[in-house]
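J.: Please see the structure below; I have some questions.
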Amino acid sequence: MSQSTPAPASEQAAAHSPSVTPAAAPAATPTPTQDSATSGRARASVRRTVATAGRVLAQLRHDPRTIGLLIIVPCVLLVLLKYVFDAQPRTFDHSGAPLLGIFPLIVMFLVTSVATLRERSSGTLERLLTMPLAKLDLLLGYALAFGALALLQAAVAFGLTLGPLGLHVSGPTWLLFVVALADGILGTALGLFVSAFAATEFQAVQFLPAFILPQFLLCGLFTPRENMQTVLRWLSDVMPLSYAVDAMNRLTAQSGVSGLVVRDLIVIAGITVVALALGAVTLRRRTA
Amino acid sequence: MVNFSGAAASAPADAAARTAPAPAVDVRDLRVVRGGRSVLKGISVAIARGTVTGLLGPSGCGKSTFMRAIVGVQKVAGGEVRVLGRPAGDRQLRHRVGYVTQAPSVYADLSIAENLRYFAAILGVPRDDVQRVIEQVGLQGRERDLVSRLSGGQRARVSLAAALLGAPELLVLDEPTVGLDPVLRTELWDLFHALAADGATLLISSHVMDEATRCGNLLLMRDGEIIADDTPAALLARTGASEIEAAFLALVAKQGSTTVAGSDAQSSDQPEPVKGATR
């Protein structure tokens, strides 16, 4: 406690203020005086985005068990799948590839929705929103951190499935990573958005079966999408997971970079952007 | 804490200047309705710069809502809140106002230093500011401890330290001394006064009436209304009570008998430092 040293503290503060003020006076934008609730849209900054991603990763680093579960569980499931279909190796080729796209999405969805819910309930979100943090800084920070985690998870899962488990993939491996990364970030974006509707962690966890399982059933993992009833086919056409699975299927079946994979990736990226935008809408600086 | 930037820098450094032209916080007829219930019923208050103001009242009387409105995170139904000359919650205030919520709002799964380094990065203040605020709240030597392993009082101090980053001009502290031992409480109040002496304005809520005497100015709140706005000494003199709690009771009794706002006739229509009961 420094009640004996108020003077040095103030000197320090005075020394700091010059470096603080440039950012504090953001480009004499004529601040709209209409309504205090709408005035003041903070601009996104690389420094704050990276700091947020670093903070999210630091939180994960203090929680090695979660990282372990994130990485090991998909691998265990893939091994199980391999030996469940031990007699029909072609079935593993069929269902293994889609799972490589589904795992990053599901896992990042779950982790993100719980993480953001904690951010809301612990009051840290409210604190951050009283600070010069743009909503986009927060959203992109999360996407960056969990995107990195999705890549790590994908690297381990690919190493296992393409190596010891002998999954045959015709397309280029780097594109597999691109699709896995896109799926992971899509899961993060959906999780950010959906967590706004969960008041408790129980609810957040229930959003997984509510939001993801229908997509899981309709994504083409169990029946090819073109064989589904028309209505179900339409539904599956608007579900993000379908494109994650389509992209992986195409990559395992075709060599080279087909235009359809690129189209799938564009759809995934588009849905990600929409989900992030919707997520930004749910982050309110002013609440009731 | 002489970082009144730009125009404000020419303001007299006299910390106790209660006649300073622009108050740090200027609230007029603030109304907040939540779930159909009127939580704040038309509050008008001015808080002078460089002062320590206590916001006292029973639990649930609207203290936190009032503070949230000043910080700009509360939806308001009407009235005006101006902070440091700008509308509350304005983007340019986000470097200049520090806010501590009642529950410590820091990351439990990060260390003290990691928490503060992150908030420092968001605020854009230099990293060595982290060590300064850790020392100000007396947590030096614990930098690497995870917040989840700290006691409630220590967590509250981490949360306070985060609000002190960048030496904000206005500090809004919601019950910062709850659950602290008397020694620590005294040290924190000394810190608050040191900050005010450097020019900062502090608004500190408490439901412990005995903390009132430590404030330069008091706002007594009850049921969404400010029932008194005065110095502790003047409050005691006016009510003839020997302690703030008794003064509070006397004011509540008086409010019940005379429905007319403001028993002091001297405060005419001046909305400046409102003396006595407001509405």
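Here's how to read the names in the structure tokens: chain A, B, ... by the order shown, residue numbers from 1 in each chain, ligand numbers from 1 in the order shown.
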So that I can see what lies close to Ala269 in chain A, please list as an MDAnalysis selection string the residues with an atom at most 8 Å from it, counting only C-alpha atoms and leaving out residues fewer than 4 positions away in the same chain.
T.: chainID A and resid 182 186 265 273
J.: Create the file for the chosen residues now, containing N, CA and C atoms and written as a PDB file, in the first residue's frame.
T.:
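Below is the file part-v4.pdb, written as the result:
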```
ATOM      1  N   ALA A 182     -10.931 -22.758 -41.295  1.00  0.00           N
ATOM      2  CA  ALA A 182     -12.174 -22.040 -41.587  1.00  0.00           C
ATOM      3  C   ALA A 182     -13.315 -22.592 -40.734  1.00  0.00           C
ATOM      4  N   LEU A 186     -15.365 -20.601 -37.939  1.00  0.00           N
ATOM      5  CA  LEU A 186     -16.827 -20.558 -38.064  1.00  0.00           C
ATOM      6  C   LEU A 186     -17.474 -20.980 -36.736  1.00  0.00           C
ATOM      7  N   LEU A 265     -15.575 -22.902 -49.280  1.00  0.00           N
ATOM      8  CA  LEU A 265     -14.809 -22.043 -48.372  1.00  0.00           C
ATOM      9  C   LEU A 265     -15.390 -20.639 -48.343  1.00  0.00           C
ATOM     10  N   VAL A 273     -18.573 -14.301 -41.303  1.00  0.00           N
ATOM     11  CA  VAL A 273     -18.674 -12.842 -41.211  1.00  0.00           C
ATOM     12  C   VAL A 273     -20.056 -12.436 -40.684  1.00  0.00           C
TER      13      VAL A 273
END
```
J.: Using only C-alpha atoms, I'd like a table of the residues in chain B that come within 7 Å of chain A; for each, show the closest atom pair and its distance in Å rounded to one decimal, ordered by chain and ascending number, as CSV.
T.:
```
residue,atom,partner,partner_atom,distance
B:Met1,CA,A:Ser10,CA,4.8
B:Val2,CA,A:Ala14,CA,5.8
B:Asn3,CA,A:Ala14,CA,5.7
B:Arg34,CA,A:Ala288,CA,6.3
B:Gly72,CA,A:Arg286,CA,6.7
B:Val73,CA,A:Arg286,CA,4.1
B:Gln74,CA,A:Arg286,CA,5.0
B:Lys75,CA,A:Ala288,CA,5.1
B:Pro87,CA,A:Ser36,CA,5.7
B:Ala88,CA,A:Ser36,CA,6.7
B:Gly89,CA,A:Ser36,CA,6.8
B:Asp90,CA,A:Gly40,CA,5.5
B:Arg91,CA,A:Gly40,CA,4.3
B:Gln92,CA,A:Ala24,CA,6.0
B:Arg94,CA,A:Met131,CA,4.7
B:His95,CA,A:Ala24,CA,6.4
B:Ser105,CA,A:Gly123,CA,4.8
B:Val106,CA,A:Thr124,CA,5.8
B:Asp109,CA,A:Gln59,CA,5.7
B:Leu110,CA,A:Gln59,CA,5.8
B:Tyr118,CA,A:Ala51,CA,6.4
B:Ala121,CA,A:Ala51,CA,6.5
B:Ile122,CA,A:Arg48,CA,5.5
B:Leu123,CA,A:Pro132,CA,6.2
B:Gly124,CA,A:Val20,CA,6.4
B:Val125,CA,A:Val20,CA,6.0
B:Glu135,CA,A:Met1,CA,5.8
B:Gln136,CA,A:Ser2,CA,5.0
B:Val137,CA,A:Met1,CA,5.3
B:Gly138,CA,A:Met1,CA,3.8
B:Gly166,CA,A:Ala13,CA,6.8
B:Ala167,CA,A:Ala13,CA,5.8
B:Glu187,CA,A:Met1,CA,6.6
B:Asp190,CA,A:Gln3,CA,5.9
B:Leu191,CA,A:Gln3,CA,5.4
B:Ala194,CA,A:Pro6,CA,5.9
B:Asp198,CA,A:Ser10,CA,6.7
```
J.: Restricting it to C-alpha atoms, dump the selection as a tab-separated table (two decimals), in the first residue's frame.
T.:
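Saved to again.tsv:
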```tsv
chain	number	residue	atom	x	y	z
B	1	MET	CA	-2.64	12.81	-11.34
B	2	VAL	CA	-2.41	16.09	-13.18
B	3	ASN	CA	-3.36	14.69	-16.55
B	34	ARG	CA	-35.95	-1.49	-15.17
B	72	GLY	CA	-22.42	4.96	-19.34
B	73	VAL	CA	-23.32	1.27	-19.31
B	74	GLN	CA	-26.88	1.76	-18.04
B	75	LYS	CA	-29.86	2.31	-20.32
B	87	PRO	CA	-22.12	12.74	-22.31
B	88	ALA	CA	-21.67	9.67	-20.11
B	89	GLY	CA	-20.27	6.68	-21.96
B	90	ASP	CA	-18.75	8.85	-24.68
B	91	ARG	CA	-15.86	7.24	-26.51
B	92	GLN	CA	-13.44	9.92	-25.39
B	94	ARG	CA	-13.13	5.57	-21.97
B	95	HIS	CA	-9.53	6.49	-21.10
B	105	SER	CA	-14.44	-8.05	-12.70
B	106	VAL	CA	-11.09	-9.61	-13.48
B	109	ASP	CA	-7.89	-17.87	-14.54
B	110	LEU	CA	-5.12	-15.34	-15.11
B	118	TYR	CA	-4.11	-7.01	-20.61
B	121	ALA	CA	-2.82	-2.92	-23.37
B	122	ILE	CA	-6.49	-2.19	-23.98
B	123	LEU	CA	-6.14	1.25	-22.38
B	124	GLY	CA	-2.90	1.89	-24.23
B	125	VAL	CA	-0.95	2.77	-21.10
B	135	GLU	CA	1.88	-1.25	-5.37
B	136	GLN	CA	-0.95	1.23	-4.91
B	137	VAL	CA	-3.29	-1.56	-3.83
B	138	GLY	CA	-0.60	-3.32	-1.83
B	166	GLY	CA	-3.64	5.12	-16.69
B	167	ALA	CA	-4.51	7.36	-13.75
B	187	GLU	CA	-4.98	2.20	3.75
B	190	ASP	CA	-5.72	7.00	2.43
B	191	LEU	CA	-5.04	6.03	-1.17
B	194	ALA	CA	-4.08	10.83	-2.11
B	198	ASP	CA	-3.64	14.77	-7.10
```
J.: Can you tell me, as number ranges by chain, what residues are no more than 10 Å from Leu100 in chain A when counting only C-alpha atoms, ignoring any on the same chain fewer than 3 positions away?
T.: A: 74-75, 78, 95-97, 103-105, 153-154, 157-158, 161, 176-177, 179-180, 183, 244-245, 248-249
J.: Would you compute the distance between CA of Glu143 in chain B and CA of Ala108 in chain B? Give it in Å to one decimal.
T.: 13.4 Å
J.: Quick one: everything within 9 Å of Ala204 in chain A, counting only C-alpha atoms, minus sequence neighbours fewer than 6 positions away in the same chain. Send it as JSON, numbers by chain.
T.: {"A": [110, 113, 114, 117, 194, 195, 197, 198]}
J.: Have a look at CA of Pro89 in chain A and CA of Val262 in chain A and let me know their distance in Å, one decimal.
T.: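 Straight-line distance from CA of Pro89 in chain A to CA of Val262 in chain A works out to 28.1 Å.
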J.: From a DSSP calculation on the backbone, collect every residue of range 80-236 of chain B in strand (DSSP E) and output the set as a PyMOL selection string.
T.: chain B and resi 80-83+86-87+97-100+170-174+201-206+217-222+225-230
J.: Which residue is closest to Val111 in chain A? Choose from A:Asp86, A:Asp93, A:Asp246, A:Glu201 and count only C-alpha atoms.
T.: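 The answer is A:Glu201, which sits nearest to Val111 in chain A.
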J.: Measure the distance from CA of Ala234 in chain B to CA of Ala69 in chain B in Å and round it to one decimal.
T.: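 Spanning CA of Ala234 in chain B to CA of Ala69 in chain B is a straight-line distance of 27.4 Å.
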J.: Neighbouring residues of Glu175 in chain B were defined as those with any atom within 7 Å, considering only C-alpha atoms; residues of the same chain fewer than 3 positions away were excluded. Please report them as a ChimeraX atom specification.
T.: /B:102,178,204-206
J.: When distances are computed from only C-alpha atoms, which of A:Ser258, A:Thr230, A:Thr188, A:Thr200 shows the smallest separation from Thr272 in chain A?
T.: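 For Thr272 in chain A, the nearest of the candidates is A:Thr188.
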J.: Write out as a list in words which residues come within 10 Å of Phe193 in chain A when counting only C-alpha atoms, dropping same-chain ones fewer than 2 positions away.
T.: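 Contacts, with the query itself left out: Phe109, Thr112, Ser113, Thr116, Leu139, Gly187, Thr188, Ala189, Leu190, Gly191, Ser195, Ala196, Phe197, Ala198, Val274, Ala275, Leu276, Ala277, Leu278, Gly279, Ala280, Val281, Thr282 and Leu283 of chain A.
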J.: Could you tell me, as number ranges by chain, which residues of range 30-245 of chain A DSSP assigns to helix (DSSP H, G or I) when given the backbone?
T.: A: 46-61, 64-84, 89-121, 124-129, 135-162, 173-197, 201-218, 225-227, 230-237, 240-245
J.: Which residue gives the smallest distance to Leu232 in chain A among A:Leu144, A:Gln215, A:Ala247, A:Val84, with only C-alpha atoms counted?
T.: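 Among the listed residues, A:Gln215 lies closest to Leu232 in chain A.
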J.: Hey, which of B:Met209, B:Leu93, B:Ala161, B:Met221 ends up closest to Val45 in chain B? Count only C-alpha atoms.
T.: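 Looking only at the distances to Val45 in chain B, the closest residue turns out to be B:Met221.
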